[in-house]
Amino acid sequence: MQTQNNEQHEAGRPAIERVPKAAGRMGISVSQAYREVKAGRLGPLVKLGERASGLPSVAVDAWIQAKIDAASQKGGAQC
């Protein structure tokens, strides 16, 4: 399933990730992902059903890139 979502996303077609999967990719907890959405730093949430929500893959990618850019501006982690 991961490969299929990446192939669709790379082909330029919209892809939606369930929140737990997106949170795992971002390296944060599911509750932190929802806090990021509430704060306006991530999102929008897309309702997939009565009890299911997802995030556009492009929004997740942008959030990850923003974190990388912020770390680069601060000098980043020194290994």
# chains A, B, ... in the order shown; residues from 1 in each chain; ligands from 1
$ residues_around --residues "range 11-25 of chain A" --least-positions-apart "2" --cutoff "6 Å" --atoms "only C-alpha atoms" --output "list of chain:residue names"
A:Gln8, A:His9, A:Gly27, A:Ile28, A:Ser29, A:Val30, A:Ala33, A:Gly54, A:Leu55, A:Pro56, A:Ser57
$ write_last_selection --atoms "N, CA and C atoms" --output "PDB file, in the first residue's frame"
ATOM      1  N   GLN A   8       1.337   7.022  -6.847  1.00  0.00           N
ATOM      2  CA  GLN A   8       0.299   7.964  -7.236  1.00  0.00           C
ATOM      3  C   GLN A   8       0.741   9.390  -6.952  1.00  0.00           C
ATOM      4  N   HIS A   9       1.346   9.607  -5.791  1.00  0.00           N
ATOM      5  CA  HIS A   9       1.786  10.938  -5.407  1.00  0.00           C
ATOM      6  C   HIS A   9       2.867  11.432  -6.358  1.00  0.00           C
ATOM      7  N   GLY A  27       7.200  11.516  12.065  1.00  0.00           N
ATOM      8  CA  GLY A  27       7.958  11.249  13.280  1.00  0.00           C
ATOM      9  C   GLY A  27       7.337  11.861  14.517  1.00  0.00           C
ATOM     10  N   ILE A  28       6.018  12.041  14.499  1.00  0.00           N
ATOM     11  CA  ILE A  28       5.298  12.603  15.650  1.00  0.00           C
ATOM     12  C   ILE A  28       4.140  11.687  16.008  1.00  0.00           C
ATOM     13  N   SER A  29       3.540  11.926  17.175  1.00  0.00           N
ATOM     14  CA  SER A  29       2.394  11.125  17.582  1.00  0.00           C
ATOM     15  C   SER A  29       1.143  11.574  16.825  1.00  0.00           C
ATOM     16  N   VAL A  30       0.134  10.725  16.836  1.00  0.00           N
ATOM     17  CA  VAL A  30      -1.129  11.056  16.188  1.00  0.00           C
ATOM     18  C   VAL A  30      -1.745  12.289  16.849  1.00  0.00           C
ATOM     19  N   ALA A  33      -0.077  15.328  15.632  1.00  0.00           N
ATOM     20  CA  ALA A  33      -0.502  15.654  14.264  1.00  0.00           C
ATOM     21  C   ALA A  33      -1.800  16.458  14.309  1.00  0.00           C
ATOM     22  N   GLY A  54      -8.059  11.928   6.836  1.00  0.00           N
ATOM     23  CA  GLY A  54      -6.746  11.811   6.241  1.00  0.00           C
ATOM     24  C   GLY A  54      -6.165  13.183   5.977  1.00  0.00           C
ATOM     25  N   LEU A  55      -4.921  13.182   5.552  1.00  0.00           N
ATOM     26  CA  LEU A  55      -4.216  14.410   5.206  1.00  0.00           C
ATOM     27  C   LEU A  55      -3.690  14.274   3.783  1.00  0.00           C
ATOM     28  N   PRO A  56      -3.770  15.343   3.004  1.00  0.00           N
ATOM     29  CA  PRO A  56      -3.171  15.282   1.668  1.00  0.00           C
ATOM     30  C   PRO A  56      -1.663  15.043   1.784  1.00  0.00           C
ATOM     31  N   SER A  57      -1.146  14.156   0.975  1.00  0.00           N
ATOM     32  CA  SER A  57       0.290  13.847   1.010  1.00  0.00           C
ATOM     33  C   SER A  57       1.137  15.084   0.760  1.00  0.00           C
TER      34      SER A  57
END
$ select_by_dssp --residues "chain A" --states "helix (DSSP H, G or I)" --output "number ranges by chain"
A: 2-10, 19-26, 30-38, 57-73
$ write_last_selection --atoms "C-alpha atoms" --output "tab-separated table (two decimals), in the first residue's frame"
chain	number	residue	atom	x	y	z
A	2	GLN	CA	2.86	2.40	0.80
A	3	THR	CA	4.33	1.90	-2.66
A	4	GLN	CA	1.00	2.50	-4.34
A	5	ASN	CA	0.44	5.80	-2.49
A	6	ASN	CA	3.97	6.98	-3.35
A	7	GLU	CA	3.55	6.02	-7.00
A	8	GLN	CA	0.30	7.96	-7.24
A	9	HIS	CA	1.79	10.94	-5.41
A	10	GLU	CA	4.89	10.95	-7.59
A	19	VAL	CA	-3.57	10.44	10.04
A	20	PRO	CA	-1.70	7.65	11.90
A	21	LYS	CA	0.36	6.84	8.80
A	22	ALA	CA	1.10	10.52	8.15
A	23	ALA	CA	2.10	11.03	11.78
A	24	GLY	CA	4.48	8.08	11.55
A	25	ARG	CA	6.05	9.52	8.42
A	26	MET	CA	6.46	12.87	10.18
A	30	VAL	CA	-1.13	11.06	16.19
A	31	SER	CA	-2.27	13.52	18.85
A	32	GLN	CA	0.59	15.88	17.91
A	33	ALA	CA	-0.50	15.65	14.26
A	34	TYR	CA	-3.99	16.78	15.26
A	35	ARG	CA	-2.46	19.63	17.31
A	36	GLU	CA	-0.50	20.70	14.23
A	37	VAL	CA	-3.73	20.74	12.21
A	38	LYS	CA	-5.51	22.77	14.91
A	57	SER	CA	0.29	13.85	1.01
A	58	VAL	CA	1.42	17.21	-0.36
A	59	ALA	CA	0.54	18.86	2.98
A	60	VAL	CA	2.54	16.22	4.86
A	61	ASP	CA	5.47	16.66	2.47
A	62	ALA	CA	5.34	20.45	2.92
A	63	TRP	CA	5.30	20.10	6.73
A	64	ILE	CA	8.34	17.80	6.62
A	65	GLN	CA	10.18	20.15	4.24
A	66	ALA	CA	9.41	23.15	6.49
A	67	LYS	CA	10.96	21.30	9.44
A	68	ILE	CA	14.05	20.45	7.38
A	69	ASP	CA	14.36	24.06	6.17
A	70	ALA	CA	14.00	25.42	9.72
A	71	ALA	CA	16.70	23.04	10.97
A	72	SER	CA	19.00	24.03	8.09
A	73	GLN	CA	18.61	27.72	8.90
$ select_by_dssp --residues "chain A" --states "strand (DSSP E or B)" --output "count of residues only"
12
